[in-house]
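A short write-up of the structure that comes next.
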Amino acid sequence: KYPEMVDFPLKREDLTYMFDGDRIRKGESLQQLEKLGGNEELLQKLKTSYKHGIKTDEAELAKRREIFGTNAPKPLPVKGLWELIVEQFEDQILRILLVAATVSLIIGVWKEGWEKGWIEGTTIYIAVVIIVTVSAGNNYLKDKQFRELMKQRQQRSVSVMRDGKVDELSIYDLLVGDILYVGTGDMMPVDVVLLSGSNVKADESSQTGEPDQIPKVPFTPGEKTNPFLLSGSQMLDGKGIGIVVAVGEETMLGRIRSKLEQKEEEVTGLQLKLERIADMIGKVGLYAAILTFIGMAGNMFLQTYLNKGEANYWDSLTTFKNASYLLDSLIVGITIIVVAVPEGLPLAVTIALAYSVGRMKKENNLVRQLQSCETMGGANNICSDKTGTLTQNLMTVVAGYIGGVKFEKEDISKMNLGDQMKKVLFEGVCTNSTAFIVEEEGGKDKRMGSATECALLVLAKQYGFDYTQYREKEVLAIPFSSARKRMTMVVPLNDTTLRIYTKGASEIVLDRCDEQIRGVTDLKVEKLSPSDKKTIEKDIIHNFAAQAYRTVCLAYKDIDSSSFNKAKYEDAKNHDDLEKGLTMIGIVGIQDPLREDVPDAVARCHTAGITVRMVTGDNLETAKAIAKGCGILREEDLEKQYSTIEGCDFRKLVEGLEQVTDEKGNKRDKVKNMEKFREIASQLKVMARSSPDDKYVLVTGLRWDDNVIAVTGDGTNDAPALKKADVGFAMGKAGTEVAKEAADIILLDDNFSSIVTAAKWGRNIYNSIRKFLQFQLTVNVVAIFMAFVGGVALGESPLNSVQMLWVNLIMDTFASLALATEPPSDALLKVPPYGKKEAIINSCMWRNIVVQGLYQVVVLSILLFAGKRLPYLDIPELSQEKIHKLEESENFEEELYIHNTIIFHTFVFMQAFNEINARKIEEINIFKNFFNNWLFFFIEILTIIVQIALIQFGGIYVKCSPLKQEQHLACLAIGAFCIIWGLIGKVIIPDSLFAGIGVNETEMDIDEAFKSTHSRLRRPTIKKQWTSTRKNKIRAVGKMAAAQKRAQKMKQSQQFIQQILYLEIQKKK
């Protein structure tokens, strides 16, 4: 199946064979590893080294890529432009229009011959081709942009050993033979054999269906272990080092993904909300089209009866002329549907999202869930971490309390420590750590891992301790977790003694100490009484914290190696036993400077109506100092009882969570004491010493009261809160992969200011859709009204089918591009966020739609019925006899079409200038930042140029007569007056008059959207999105039902076993 490896004595299948759930369970994978010679021979055969990794020689790397493949994702099949164009013709309405155009072509040729008969039908063909080509091109560019964004979304970095140096590498660059470092919260990007590790546990439920934590133990000959880390699995606990044995499509995850070639479209809540509005517009357009056709047909029947009388009525009715007229009426009706069905609405959402996601990436927001973009616009609460988000995450040890001696900032690098003290202090720092410091070119240090640990390693380096010399001695490692707030390492001291190093949150580790070292030269130890601990807390911990220092307590203890039971202490429930009776070495104060732009960002949040809360695991005094510095905790807040609180107190007061059933029958989490919660939440600005559960409870309570919550998190245990929040932000640098998977947006720079940027872009998306919706509703109302009135009153629409198709292109594709790509302005952050239940079409928009619609309808009606009497327009008066004579002429008579040409020209100019009006819904100055969006400016100019060209050169194909310069200027002036009229409307007419107007804007269910009038009439690319989403929903419901069924069976089995055991016990009694 695979070629023999030229430079490696292995077949590719020898490696991939081991990574299969069934084979791992049956022990076949372990047998295969033994067959390959275990860890040592595997390293040799793959030409790598545990201590040095693979060589970075480009020729060798290229050889590995050639033989074993790469980890870069396989691109999904891309639809070509031609394929997308053909797909557009699956639209039912366009097909009907083309059939009608074909019939028109046949009748025209039959009646007038090829010379003139082909023109009308062929012109419709050309107009349709232009529309679908432009739309397909737009879809092609959109699809290309989203593919690039999807690739960026999956990209992340991991720690790898190459040429004896640990460095960060993109997961796409991983190769077979790489030595990979893994830790708590990581998601495995490749298949790995664990070489060494401590307390490693993985969640493989997404790969094997096993719901339990799977312990991972390095291969040992003769023992039944499981060293196989499956791609796609999550590291729940521990840390380890492994060798990459499969990448890309050869991994377990890659083989699954290769079977899922189809791209799934993502449907957002805003799209489902807009689908309801689009369905309403589509229905109105459909009814208007039917009424217009009936009106035009009725007009024909009436005119025939009046002209020919009852005697010759039937013969006069069944003529080619009347058949052609009925067909023209049908084409006009169909074209009204094409214009009315708002295909540009979902297109505008897609373009706005694609544009925003791309720009947000440049501003350090990597969007993972599209819906989060629009949701963030309504956020009124931000629960932020402290370290790295509000601060720079450039930590430095600036103070210390070592051996009972206090060292200030200027003394910390000049501590006169004895050899024994240095050994216990800095060996503990180097050993009990998972961070790395790599020297880059130019001698600059590159920090990888926990910023706190890096600060301690830098201090150790200053005193001559190289952490790399101490990393391979560990017997047991208990990693740091935000729940425990400490980490521990067990290392051998000598043949009979083990030393336990513990470090973590000062109060917590101090509480577990019974003794402390006194003096900085040797290890003199004395007892720590409760009063001593209180003194240390007051004089050292609180003092450091008040200066905004993060405090870390360092401790140790020695135990007899013969009494140490590793298997016992690998169990999490026994960790506390291991970490008690410690001896305190000292406490260090670590400074993490506040980010310079954070105070301004917090101030902007306050202006924007967003409440900022700090939720941190740090000491209360440290948290308060930082919160004051960045403006979260203001003077007026300090007087409030619950402005600052510790997690343990918060838990007691709100009494935790309970499950309740809502009005829809769904089970939801609810804070037990909501009354107390509301009292606390109304004042809360800082929560210190918080656990992930506290963060989850806070988010749950705030969401219960219909707040829109954004939450930041970096740890594995933060994942539930990130999922629970409306928008979860994970740290791109400090965050674990589990946190990133749970998040909606990843902060690439871990900076609070980037959250504010996300809020601005979210509001901009919502605002862009509102602009487009206002513009399109105005065009729809006016176009449908004119077609209907003209058809019923005069027997023909003043806008023919080709002209309306051009209008459709302007208001759908062009307008969605122009209005959905407006960049955000800071003014968006000077108004409160929109609420969850706030209508998309607000009172200001209704006012603008009514004001503009009324102006356009009145002016166009005057042009239609009294245009010939208006000065400057120079519309000729034509008698019925002359009109009949001109219609029968073999040549194109320009005089015949001047009237309707002026109406069409004026109508298009009105839309061009009203599009400028739509840029600002509420602001008076609609030209503010007008040139910031070059695309809008280009589309406006293009629309006007094409429109003038159609008038001057369209002739018989568009049924337009060339106009004089004065007529062009008159049409332009009437159109431009839309801007002045809009200004008058905003100044004089209060939007409160339209507060009572509203339409149903509830989110449409996927099944309902699939069957809606809008969906049935719209284009296939959008309808397929509903189909894909609907299938995904059905599949998800099926999986959930199956899982519930399995759980029920398991529960019944457990109950049955318990009954049997109970009966057996009763028998024995």
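Residue numbers start at 1 in each chain; chains themselves are named A, B, ... in the order of the structure tokens; ligands are numbered from 1 in the order shown.
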Near-Ala688 in chain A list (9 Å; only C-alpha atoms; drop same-chain fewer than 3 positions) as a list in words: Met614, Val615, Thr616, Gly617, Asp618, Asn619, Leu620, Glu621, Thr622, Ala623, Lys624, Thr644, Ile645, Glu646, Gly647 and Ser691 of chain A
Range 798-813 of chain A environment, 6 Å, only C-alpha atoms, sequence neighbours closer than 2 positions dropped, as a PyMOL selection string: chain A and resi 124+332+335+339+344+790+815-816+900
Include N, CA, C and O atoms and write out the residues we just selected as a PDB file, in the first residue's frame.
ATOM      1  N   ILE A 124     -33.184  40.395 -22.390  1.00  0.00           N
ATOM      2  CA  ILE A 124     -33.445  39.810 -21.064  1.00  0.00           C
ATOM      3  C   ILE A 124     -32.402  38.741 -20.763  1.00  0.00           C
ATOM      4  O   ILE A 124     -31.875  38.664 -19.644  1.00  0.00           O
ATOM      5  N   VAL A 332     -43.118  41.171 -16.684  1.00  0.00           N
ATOM      6  CA  VAL A 332     -43.061  42.258 -15.704  1.00  0.00           C
ATOM      7  C   VAL A 332     -43.353  41.717 -14.304  1.00  0.00           C
ATOM      8  O   VAL A 332     -42.670  42.045 -13.320  1.00  0.00           O
ATOM      9  N   THR A 335     -40.449  39.757 -13.053  1.00  0.00           N
ATOM     10  CA  THR A 335     -39.343  40.673 -12.732  1.00  0.00           C
ATOM     11  C   THR A 335     -39.584  41.375 -11.404  1.00  0.00           C
ATOM     12  O   THR A 335     -38.637  41.621 -10.644  1.00  0.00           O
ATOM     13  N   VAL A 339     -37.045  41.464  -8.279  1.00  0.00           N
ATOM     14  CA  VAL A 339     -36.637  42.689  -7.590  1.00  0.00           C
ATOM     15  C   VAL A 339     -37.030  42.640  -6.115  1.00  0.00           C
ATOM     16  O   VAL A 339     -36.264  43.034  -5.241  1.00  0.00           O
ATOM     17  N   GLY A 344     -30.217  40.200  -1.692  1.00  0.00           N
ATOM     18  CA  GLY A 344     -29.092  40.979  -1.195  1.00  0.00           C
ATOM     19  C   GLY A 344     -28.990  40.998   0.314  1.00  0.00           C
ATOM     20  O   GLY A 344     -27.948  41.310   0.873  1.00  0.00           O
ATOM     21  N   GLY A 790     -48.532  51.750 -12.590  1.00  0.00           N
ATOM     22  CA  GLY A 790     -48.428  51.899 -14.043  1.00  0.00           C
ATOM     23  C   GLY A 790     -49.143  50.783 -14.775  1.00  0.00           C
ATOM     24  O   GLY A 790     -49.834  51.023 -15.785  1.00  0.00           O
ATOM     25  N   ALA A 815     -25.343  47.363  -3.728  1.00  0.00           N
ATOM     26  CA  ALA A 815     -25.616  47.986  -2.431  1.00  0.00           C
ATOM     27  C   ALA A 815     -25.059  47.163  -1.278  1.00  0.00           C
ATOM     28  O   ALA A 815     -24.571  47.714  -0.295  1.00  0.00           O
ATOM     29  N   SER A 816     -25.135  45.830  -1.389  1.00  0.00           N
ATOM     30  CA  SER A 816     -24.601  44.983  -0.308  1.00  0.00           C
ATOM     31  C   SER A 816     -23.092  45.152  -0.197  1.00  0.00           C
ATOM     32  O   SER A 816     -22.545  45.179   0.906  1.00  0.00           O
ATOM     33  N   ASN A 900     -40.885  57.388 -20.480  1.00  0.00           N
ATOM     34  CA  ASN A 900     -40.488  56.317 -19.546  1.00  0.00           C
ATOM     35  C   ASN A 900     -38.985  56.332 -19.244  1.00  0.00           C
ATOM     36  O   ASN A 900     -38.554  55.925 -18.172  1.00  0.00           O
TER      37      ASN A 900
END
Selection: 12 Å around Asn751 in chain A, only C-alpha atoms, excl. self and same-chain fewer than 4 positions, as a ChimeraX atom specification: /A:363-365,384-393,594-598,601-602,712-713,729-734,746-747,755-758
Spatial neighbours of range 720-727 of chain A, 6 Å, only C-alpha atoms, chain gap at least 5 places, as a PyMOL selection string: chain A and resi 372+696+708-710+742-744
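Distance check against Leu394 in chain A using only C-alpha atoms: of A:Leu175, A:Ile590, A:Val128, A:Val491, the minimum falls on A:Ile590.
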Residue neighbourhood Tyr766 in chain A, 9 Å, only C-alpha atoms, exclusion window fewer than 3 positions, as a PyMOL selection string: chain A and resi 270+349+352+374-375+377+761-763+769-771+840
For the selection just defined, write its residues with N, CA and C atoms to a file, as a PDB file, in the first residue's frame.
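Saved to selection.pdb:
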ATOM      1  N   LEU A 270     -28.364  36.350  13.442  1.00  0.00           N
ATOM      2  CA  LEU A 270     -28.829  37.519  12.700  1.00  0.00           C
ATOM      3  C   LEU A 270     -29.440  37.095  11.369  1.00  0.00           C
ATOM      4  N   VAL A 349     -25.273  40.255   4.829  1.00  0.00           N
ATOM      5  CA  VAL A 349     -24.801  39.674   6.092  1.00  0.00           C
ATOM      6  C   VAL A 349     -23.484  38.946   5.866  1.00  0.00           C
ATOM      7  N   ALA A 352     -20.692  41.443   5.132  1.00  0.00           N
ATOM      8  CA  ALA A 352     -20.340  42.173   6.356  1.00  0.00           C
ATOM      9  C   ALA A 352     -19.510  41.296   7.286  1.00  0.00           C
ATOM     10  N   GLU A 374     -21.422  39.387  15.452  1.00  0.00           N
ATOM     11  CA  GLU A 374     -22.607  40.227  15.590  1.00  0.00           C
ATOM     12  C   GLU A 374     -23.068  40.301  17.044  1.00  0.00           C
ATOM     13  N   THR A 375     -22.916  39.178  17.797  1.00  0.00           N
ATOM     14  CA  THR A 375     -23.344  39.152  19.200  1.00  0.00           C
ATOM     15  C   THR A 375     -22.557  40.144  20.030  1.00  0.00           C
ATOM     16  N   GLY A 377     -21.571  42.927  19.350  1.00  0.00           N
ATOM     17  CA  GLY A 377     -22.089  44.280  19.212  1.00  0.00           C
ATOM     18  C   GLY A 377     -23.109  44.637  20.280  1.00  0.00           C
ATOM     19  N   TRP A 761     -16.479  46.377  16.132  1.00  0.00           N
ATOM     20  CA  TRP A 761     -16.778  45.691  14.874  1.00  0.00           C
ATOM     21  C   TRP A 761     -18.142  45.005  14.926  1.00  0.00           C
ATOM     22  N   GLY A 762     -18.492  44.456  16.101  1.00  0.00           N
ATOM     23  CA  GLY A 762     -19.807  43.822  16.240  1.00  0.00           C
ATOM     24  C   GLY A 762     -20.933  44.811  16.024  1.00  0.00           C
ATOM     25  N   ARG A 763     -20.783  45.991  16.594  1.00  0.00           N
ATOM     26  CA  ARG A 763     -21.798  47.038  16.396  1.00  0.00           C
ATOM     27  C   ARG A 763     -21.835  47.488  14.943  1.00  0.00           C
ATOM     28  N   ILE A 769     -25.984  46.154   8.416  1.00  0.00           N
ATOM     29  CA  ILE A 769     -27.195  45.454   7.986  1.00  0.00           C
ATOM     30  C   ILE A 769     -28.398  46.390   8.059  1.00  0.00           C
ATOM     31  N   ARG A 770     -28.430  47.205   9.079  1.00  0.00           N
ATOM     32  CA  ARG A 770     -29.530  48.179   9.199  1.00  0.00           C
ATOM     33  C   ARG A 770     -29.507  49.167   8.026  1.00  0.00           C
ATOM     34  N   LYS A 771     -28.329  49.646   7.659  1.00  0.00           N
ATOM     35  CA  LYS A 771     -28.199  50.570   6.529  1.00  0.00           C
ATOM     36  C   LYS A 771     -28.740  49.933   5.254  1.00  0.00           C
ATOM     37  N   ILE A 840     -34.490  45.128  14.744  1.00  0.00           N
ATOM     38  CA  ILE A 840     -33.482  45.521  13.749  1.00  0.00           C
ATOM     39  C   ILE A 840     -33.944  46.795  13.043  1.00  0.00           C
TER      40      ILE A 840
END
Glu570 in chain A environment, 7 Å, only C-alpha atoms, sequence neighbours closer than 3 positions dropped, as a ChimeraX atom specification: /A:199,566-567
Among listed residues A:Gly631, A:Pro227, A:Gly378, A:Pro9, nearest Pro599 in chain A (using only C-alpha atoms):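 The shortest atom-to-atom distance to Pro599 in chain A comes from A:Gly631.
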Which residue of A:Val160, A:Leu498, A:Ala460, A:Ile979 approaches Met448 in chain A most closely, using only C-alpha atoms: A:Val160
Distance in Å - CA of Asp14 in chain A versus CA of Leu33 in chain A: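 Calculated distance between CA of Asp14 in chain A and CA of Leu33 in chain A is 9.0 Å.
Note that CA of Gly795 in chain A and CA of Ala288 in chain A are 15.2 Å apart.
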